[in-house]
2 protein chains.
Amino acid sequence: MPVTNRQFTLAARPVGLPKESDFKLVETPVVPPGDNEFLAQTLYLSVDPYMRGRMNDARSYAPAVKIGEVMVGGALAKVLESNNPGFQPGDIVEGFIGWQEYVTTNGAGFRKIDPSLAPISTALGVLGMPGLSAYFGLLDICNPRPGETVVVSGAAGAVGSLAGQIARIKGCRVVGIAGSDDKINWLTGELGFNAAFNYKTVQDYVAQLAELCPSGIDVYFDNVGGEITDAVLRLINTKARISICGQISQYNLEKPEMGPRLLAMLLVRQARAEGFLVFQFADRYEEGIKQMAQWIKEGKLKYSESIVEGFENTPRAFIGMLRGENTGKQLVKV
Amino acid sequence: MPVTNRQFTLAARPVGLPKESDFKLVETPVVPPGDNEFLAQTLYLSVDPYMRGRMNDARSYAPAVKIGEVMVGGALAKVLESNNPGFQPGDIVEGFIGWQEYVTTNGAGFRKIDPSLAPISTALGVLGMPGLSAYFGLLDICNPRPGETVVVSGAAGAVGSLAGQIARIKGCRVVGIAGSDDKINWLTGELGFNAAFNYKTVQDYVAQLAELCPSGIDVYFDNVGGEITDAVLRLINTKARISICGQISQYNLEKPEMGPRLLAMLLVRQARAEGFLVFQFADRYEEGIKQMAQWIKEGKLKYSESIVEGFENTPRAFIGMLRGENTGKQLVKV
């Protein structure tokens with residue numbers, strides 16, 4: 001049994017974009033598994049936008065991480081020792097392990113991963129929370145219909161890249177917004193988006209969107225918020241549906257940003273904006289995973305992973321993801 | 001047959017709150033009814049917040065009124081002469097007559113009113129567009145459940161006063177927001193609202209709402225927008241539903257107001273905001289009118305009318321309504 005566990009704890013509440021010094025690498029003894037518990041070794045860590053919210057001392061849908069606590073997050077691990085009859089050594093498990101190399105747990109909230117289905121890392125991406133967010137957030141919240149125009153912000157990210165492809169599978173015209181020319185080329189060249197643009201080089205988002213969405217916008221899958229969303233809202237069609245998956249443009253702001261009031265636009269367009277957390281679809285995860293695994297097998301759904309090697313690089317990977325350096329799912333290989 | 005028709009045309013596009021000089025009283029000859037047409041005399045004119053939007057030269061869900069055109073609006077009229085077999089002299093009809101004393105029409109978009117059901121003026125209020133907006137906008141968009149907390153802004157207006165009472169009928173705790181102490185007393189004393197406050201004398205809307213909504217806010221029926229809505233959004237519960245019926249606080253602004261970005265709040269609360277126009281429920285109007293007439297008969301639903309006498313006072317009534325001087329439905333008796 002390993003004796004030393006490395007963990008990243010929250011050292012300071014970030015101001016704006018987190019810095020590496022906001023995290024602290026600590027060593028603690030590995031906890032031997034007790035009755036009904038197992039010990040597992042982390043293989044891959046997921047870094048996701050929502051973690052930025054947990055670093056703030058603010059009321060949200062989940063409690064904030066306290067200073068000195070291990071950073072939260074989903075991860076994939078291999079069971080080393082087990083006193084829990086539901087888990088055997090060698091099993092691959094996914095759960096809220098946090099940023100650490102080993103976890104001792106009774107397994108509550110963990111699921112076993114079938115390595116024969118797909119590469120195990122997909123359990124943190126296309127066949128995990130990001131994939132399920134794209135699947136249910138697009139299909140359940142927006143019900144896109146063939147021929148409709150769907151705009152996706154954060155389109156080259158873990159969730160957006162999948163949401164856009166699922167909309168294509170459903171017969172929609174899909175327009176992506178992302179932050180580099182390489183991402184734009186990937187979206188239109190590899191993933192089959194009908195069009196995409198780089199918000200860092202385009203000045204007038206409304207004009208660009210109007211050109212790429214000649215029939216207006218019926219569905220908006222929003223990962224970003226801010227000025228990109230302001231522009232999309234100006235072009236929505238009657239009965240448009242907006243799925244609010246993330247608002248990453250706002251997460252590092254030191255104080256809430258002001259923007260044009262949007263509700264009158266929803267009114268005159270008889271439109272709907274709805275926020276969701278993937279957990280609300282928990283009883284239907286299996287449906288989503290099965291469907292997406294099928295689409296991957298058929299070559300209809302592609303995914304990309306950006307992998308940083310080494311546990312010690314987790315904060316760097318997280319900060320890079322917040323800066324948009326990843327294409328597809330950002331992982332840390334421990 | 002009368003020979004002279006008086007009309008109010010749009011004389012100038014208002015800047016901010018409309019002035020009486022933005023309208024022009026003109027006299028034109030009464031048009032005799034042709035084949036399949038009828039001539040009717042206006043009895044009551046409705047003045048409503050949405051008309052302010054039609055005075056702007058801006059794209060919206062309906063075309064703007066042009067300078068020199070008769071102001072739009074629903075009204076109630078009595079048929080004088082008819083060449084249309086569907087309408088007889090003496091019939092009371094409701095339709096988009098506009099601000100004028102006589103109308104000659106083929107009857108498209110008009111409905112006949114049954115004077116035995118309720119006082120005919122209710123066809124412009126509780127048993128007309130305002131009532132149907134309250135009924136469908138609350139019940140269909142928000143699906144309020146017994147025990148939930150419902151907040152209504154513009155609560156003493158034609159729509160809000162009904163939306164709040166319908167929520168009470170459905171077993172909700174209802175909190176109203178309005179602009180005078182008399183209105184507050186009417187809401188809580190006459191209409192059965194559980195609580196209400198005067199936004200003109202309360203400083204801290206969030207603190208006041210938090211006190212009156214100890215279990216948070218499940219449903220918000222919004223007629224007003226702006227800072228009142230900002231405050232409500234801070235207190236919504238998980239899975240809250242927001243019905244956007246109007247944004248009267250914004251209609252007279254010379255340029256769009258900035259406000260705190262709200263979409264992140266919808267996200268963390270898994271909440272939904274949806275705009276509607278009553279016309280989208282047109283095929284179910286009969287259901288709504290029947291149910292509300294029943295509630296009125298049972299004494300469960302009360303309504304109030306503010307009536308200004310004299311066609312020439314229509315602009316004054318309209319401007320007063322925009323300033324919140326009415327309680328319940330604002331009408332002009334011609």
# chains A, B, ... in the order shown; residues from 1 in each chain; ligands from 1
>>> interface_residues(of="chain B", to="chain A", cutoff="10 Å", atoms="only C-alpha atoms", output="PyMOL selection string")
chain B and resi 59-62+141+222+224-226+229-230+238-248+250-251+256-278+280
>>> select_by_dssp(residues="segment 1-241 of chain A", states="helix (DSSP H, G or I)", output="number ranges by chain")
A: 20-22, 50-54, 120-124, 129-142, 160-169, 181-189, 205-212, 226-233
>>> atom_distance(atom1="atom CA of Thr201 of chain B", atom2="atom CA of Ile177 of chain B")
11.3 Å
>>> residues_around(residues="Lys183 of chain A", least_positions_apart="6", cutoff="10 Å", atoms="only C-alpha atoms", output="list in words")
Ala155, Ala156, Gly157, Ser161, Gly176, Ile177, Gly189, Glu190, Ala196, Phe197, Asn198, Glu325, Asn326, Thr327 and Gly328 of chain A
>>> write_last_selection(atoms="N, CA and C atoms", output="compact mmCIF listing (two decimals), in the first residue's frame")
# COMPACT_ATOMS: atom_id res chain seq x y z
N ALA A 155 -17.62 26.85 -28.04
CA ALA A 155 -17.92 25.71 -28.92
C ALA A 155 -16.80 24.70 -29.02
N ALA A 156 -15.57 25.10 -28.67
CA ALA A 156 -14.46 24.15 -28.76
C ALA A 156 -14.15 23.52 -27.41
N GLY A 157 -14.96 23.81 -26.42
CA GLY A 157 -14.74 23.24 -25.10
C GLY A 157 -15.32 21.84 -24.99
N SER A 161 -18.28 21.47 -27.79
CA SER A 161 -17.93 20.71 -29.00
C SER A 161 -18.88 19.55 -29.20
N GLY A 176 -20.69 27.86 -34.40
CA GLY A 176 -19.91 27.85 -33.16
C GLY A 176 -19.15 29.14 -32.96
N ILE A 177 -18.93 29.48 -31.70
CA ILE A 177 -18.12 30.64 -31.34
C ILE A 177 -17.00 30.14 -30.43
N GLY A 189 -13.85 22.05 -39.78
CA GLY A 189 -13.16 21.05 -40.59
C GLY A 189 -13.36 19.63 -40.08
N GLU A 190 -13.32 19.45 -38.78
CA GLU A 190 -13.38 18.09 -38.22
C GLU A 190 -14.75 17.73 -37.68
N ALA A 196 -18.37 28.91 -38.03
CA ALA A 196 -17.84 29.26 -36.71
C ALA A 196 -17.03 30.53 -36.85
N PHE A 197 -16.88 31.26 -35.74
CA PHE A 197 -15.98 32.43 -35.80
C PHE A 197 -15.24 32.61 -34.49
N ASN A 198 -14.11 33.30 -34.63
CA ASN A 198 -13.19 33.54 -33.52
C ASN A 198 -13.57 34.87 -32.87
N GLU A 325 -7.20 27.55 -23.21
CA GLU A 325 -6.08 26.94 -23.94
C GLU A 325 -6.38 25.52 -24.43
N ASN A 326 -7.42 24.92 -23.88
CA ASN A 326 -7.76 23.54 -24.25
C ASN A 326 -8.62 23.50 -25.49
N THR A 327 -8.56 22.36 -26.17
CA THR A 327 -9.54 22.05 -27.21
C THR A 327 -10.21 20.76 -26.76
N GLY A 328 -11.51 20.79 -26.62
CA GLY A 328 -12.22 19.65 -26.06
C GLY A 328 -11.96 19.55 -24.56
>>> residues_around(residues="Ala11 of chain B", least_positions_apart="2", cutoff="12 Å", atoms="only C-alpha atoms", output="PyMOL selection string")
chain B and resi 7-9+13-14+18-26+55+65-71+315
>>> write_last_selection(atoms="N, CA and C atoms", output="PDB file, in the first residue's frame")
ATOM      1  N   GLN B   7     -60.404  60.848 -34.357  1.00  0.00           N
ATOM      2  CA  GLN B   7     -59.327  59.869 -34.198  1.00  0.00           C
ATOM      3  C   GLN B   7     -58.151  60.536 -33.500  1.00  0.00           C
ATOM      4  N   PHE B   8     -57.373  59.732 -32.800  1.00  0.00           N
ATOM      5  CA  PHE B   8     -56.062  60.210 -32.352  1.00  0.00           C
ATOM      6  C   PHE B   8     -55.003  59.535 -33.207  1.00  0.00           C
ATOM      7  N   THR B   9     -54.201  60.375 -33.874  1.00  0.00           N
ATOM      8  CA  THR B   9     -53.077  59.840 -34.643  1.00  0.00           C
ATOM      9  C   THR B   9     -51.785  60.102 -33.866  1.00  0.00           C
ATOM     10  N   ARG B  13     -42.864  60.839 -32.382  1.00  0.00           N
ATOM     11  CA  ARG B  13     -42.336  59.722 -31.596  1.00  0.00           C
ATOM     12  C   ARG B  13     -41.881  60.256 -30.246  1.00  0.00           C
ATOM     13  N   PRO B  14     -42.422  59.717 -29.171  1.00  0.00           N
ATOM     14  CA  PRO B  14     -42.101  60.282 -27.856  1.00  0.00           C
ATOM     15  C   PRO B  14     -40.638  60.048 -27.462  1.00  0.00           C
ATOM     16  N   PRO B  18     -44.434  59.647 -22.913  1.00  0.00           N
ATOM     17  CA  PRO B  18     -45.161  60.405 -23.940  1.00  0.00           C
ATOM     18  C   PRO B  18     -45.823  61.658 -23.352  1.00  0.00           C
ATOM     19  N   LYS B  19     -45.969  62.653 -24.186  1.00  0.00           N
ATOM     20  CA  LYS B  19     -46.675  63.888 -23.831  1.00  0.00           C
ATOM     21  C   LYS B  19     -47.960  63.936 -24.649  1.00  0.00           C
ATOM     22  N   GLU B  20     -48.901  64.740 -24.211  1.00  0.00           N
ATOM     23  CA  GLU B  20     -50.159  64.836 -24.965  1.00  0.00           C
ATOM     24  C   GLU B  20     -49.931  65.341 -26.388  1.00  0.00           C
ATOM     25  N   SER B  21     -48.893  66.152 -26.552  1.00  0.00           N
ATOM     26  CA  SER B  21     -48.622  66.691 -27.890  1.00  0.00           C
ATOM     27  C   SER B  21     -48.050  65.632 -28.842  1.00  0.00           C
ATOM     28  N   ASP B  22     -47.737  64.450 -28.331  1.00  0.00           N
ATOM     29  CA  ASP B  22     -47.298  63.371 -29.229  1.00  0.00           C
ATOM     30  C   ASP B  22     -48.479  62.771 -29.997  1.00  0.00           C
ATOM     31  N   PHE B  23     -49.673  63.176 -29.612  1.00  0.00           N
ATOM     32  CA  PHE B  23     -50.883  62.681 -30.277  1.00  0.00           C
ATOM     33  C   PHE B  23     -51.610  63.865 -30.914  1.00  0.00           C
ATOM     34  N   LYS B  24     -52.368  63.579 -31.962  1.00  0.00           N
ATOM     35  CA  LYS B  24     -53.117  64.658 -32.614  1.00  0.00           C
ATOM     36  C   LYS B  24     -54.556  64.207 -32.807  1.00  0.00           C
ATOM     37  N   LEU B  25     -55.476  65.050 -32.374  1.00  0.00           N
ATOM     38  CA  LEU B  25     -56.903  64.756 -32.549  1.00  0.00           C
ATOM     39  C   LEU B  25     -57.326  65.231 -33.929  1.00  0.00           C
ATOM     40  N   VAL B  26     -57.788  64.325 -34.765  1.00  0.00           N
ATOM     41  CA  VAL B  26     -58.188  64.710 -36.129  1.00  0.00           C
ATOM     42  C   VAL B  26     -59.635  64.292 -36.373  1.00  0.00           C
ATOM     43  N   MET B  55     -45.155  52.974 -30.331  1.00  0.00           N
ATOM     44  CA  MET B  55     -44.887  54.376 -30.682  1.00  0.00           C
ATOM     45  C   MET B  55     -43.430  54.581 -31.097  1.00  0.00           C
ATOM     46  N   VAL B  65     -46.439  52.033 -35.093  1.00  0.00           N
ATOM     47  CA  VAL B  65     -47.414  52.969 -35.659  1.00  0.00           C
ATOM     48  C   VAL B  65     -46.623  54.050 -36.398  1.00  0.00           C
ATOM     49  N   LYS B  66     -47.044  54.378 -37.600  1.00  0.00           N
ATOM     50  CA  LYS B  66     -46.343  55.424 -38.352  1.00  0.00           C
ATOM     51  C   LYS B  66     -46.863  56.790 -37.934  1.00  0.00           C
ATOM     52  N   ILE B  67     -46.038  57.800 -38.107  1.00  0.00           N
ATOM     53  CA  ILE B  67     -46.477  59.170 -37.832  1.00  0.00           C
ATOM     54  C   ILE B  67     -47.685  59.471 -38.720  1.00  0.00           C
ATOM     55  N   GLY B  68     -48.739  59.984 -38.126  1.00  0.00           N
ATOM     56  CA  GLY B  68     -49.954  60.292 -38.879  1.00  0.00           C
ATOM     57  C   GLY B  68     -50.965  59.159 -38.901  1.00  0.00           C
ATOM     58  N   GLU B  69     -50.560  57.969 -38.459  1.00  0.00           N
ATOM     59  CA  GLU B  69     -51.500  56.844 -38.397  1.00  0.00           C
ATOM     60  C   GLU B  69     -52.300  56.893 -37.101  1.00  0.00           C
ATOM     61  N   VAL B  70     -53.475  56.286 -37.159  1.00  0.00           N
ATOM     62  CA  VAL B  70     -54.301  56.191 -35.957  1.00  0.00           C
ATOM     63  C   VAL B  70     -53.583  55.280 -34.952  1.00  0.00           C
ATOM     64  N   MET B  71     -53.538  55.685 -33.676  1.00  0.00           N
ATOM     65  CA  MET B  71     -52.940  54.859 -32.622  1.00  0.00           C
ATOM     66  C   MET B  71     -53.674  53.521 -32.546  1.00  0.00           C
ATOM     67  N   PRO B 315     -55.342  60.272 -24.591  1.00  0.00           N
ATOM     68  CA  PRO B 315     -53.895  60.383 -24.327  1.00  0.00           C
ATOM     69  C   PRO B 315     -53.595  60.568 -22.843  1.00  0.00           C
TER      70      PRO B 315
END
>>> closest_residue(among="B:Ile217, B:Ala118, B:Ala210, B:Met129", to="Val152 of chain B", atoms="only C-alpha atoms")
B:Ile217
>>> closest_residue(among="B:Glu227, B:Glu305, B:Asp91, B:Asp140", to="Ser46 of chain B", atoms="only C-alpha atoms")
B:Glu305
>>> residues_around(residues="Gly73 of chain A", least_positions_apart="3", cutoff="8 Å", atoms="only C-alpha atoms", output="list in words")
Leu45, Ser46, Val47, Asp48, Met51, Phe96, Ile97, Gly98 and Trp99 of chain A
>>> write_last_selection(atoms="C-alpha atoms", output="JSON list (two decimals), in the first residue's frame")
[["chain", "number", "residue", "atom", "x", "y", "z"],
["A", 45, "LEU", "CA", -8.26, 14.34, -12.93],
["A", 46, "SER", "CA", -10.89, 16.50, -14.60],
["A", 47, "VAL", "CA", -10.56, 20.28, -14.49],
["A", 48, "ASP", "CA", -13.75, 22.14, -15.27],
["A", 51, "MET", "CA", -14.55, 24.67, -10.05],
["A", 96, "PHE", "CA", -15.80, 13.23, -6.75],
["A", 97, "ILE", "CA", -12.31, 12.35, -5.63],
["A", 98, "GLY", "CA", -10.92, 15.88, -5.57],
["A", 99, "TRP", "CA", -7.42, 16.96, -6.48]]
>>> atom_distance(atom1="atom CA of Gln330 of chain B", atom2="atom CA of Phe281 of chain B")
22.9 Å
>>> atom_distance(atom1="atom CA of Gly137 of chain B", atom2="atom CA of Tyr50 of chain B")
15.4 Å
>>> residues_around(residues="Glu287 of chain A", least_positions_apart="5", cutoff="12 Å", atoms="only C-alpha atoms", output="PyMOL selection string")
chain A and resi 127+131-132+135-136+281-282+292-294
>>> write_last_selection(atoms="C-alpha atoms", output="PDB file, in the first residue's frame")
ATOM      1  CA  LEU A 127     -19.219   9.715 -21.614  1.00  0.00           C
ATOM      2  CA  GLY A 131     -21.092  14.778 -22.468  1.00  0.00           C
ATOM      3  CA  LEU A 132     -24.213  14.471 -20.358  1.00  0.00           C
ATOM      4  CA  TYR A 135     -26.772  15.827 -24.356  1.00  0.00           C
ATOM      5  CA  PHE A 136     -29.479  16.784 -21.860  1.00  0.00           C
ATOM      6  CA  PHE A 281     -30.816  14.477 -15.146  1.00  0.00           C
ATOM      7  CA  ALA A 282     -29.093  11.871 -12.946  1.00  0.00           C
ATOM      8  CA  MET A 292     -23.398   8.918 -27.169  1.00  0.00           C
ATOM      9  CA  ALA A 293     -21.347   5.695 -27.129  1.00  0.00           C
ATOM     10  CA  GLN A 294     -23.445   4.588 -30.085  1.00  0.00           C
TER      11      GLN A 294
END
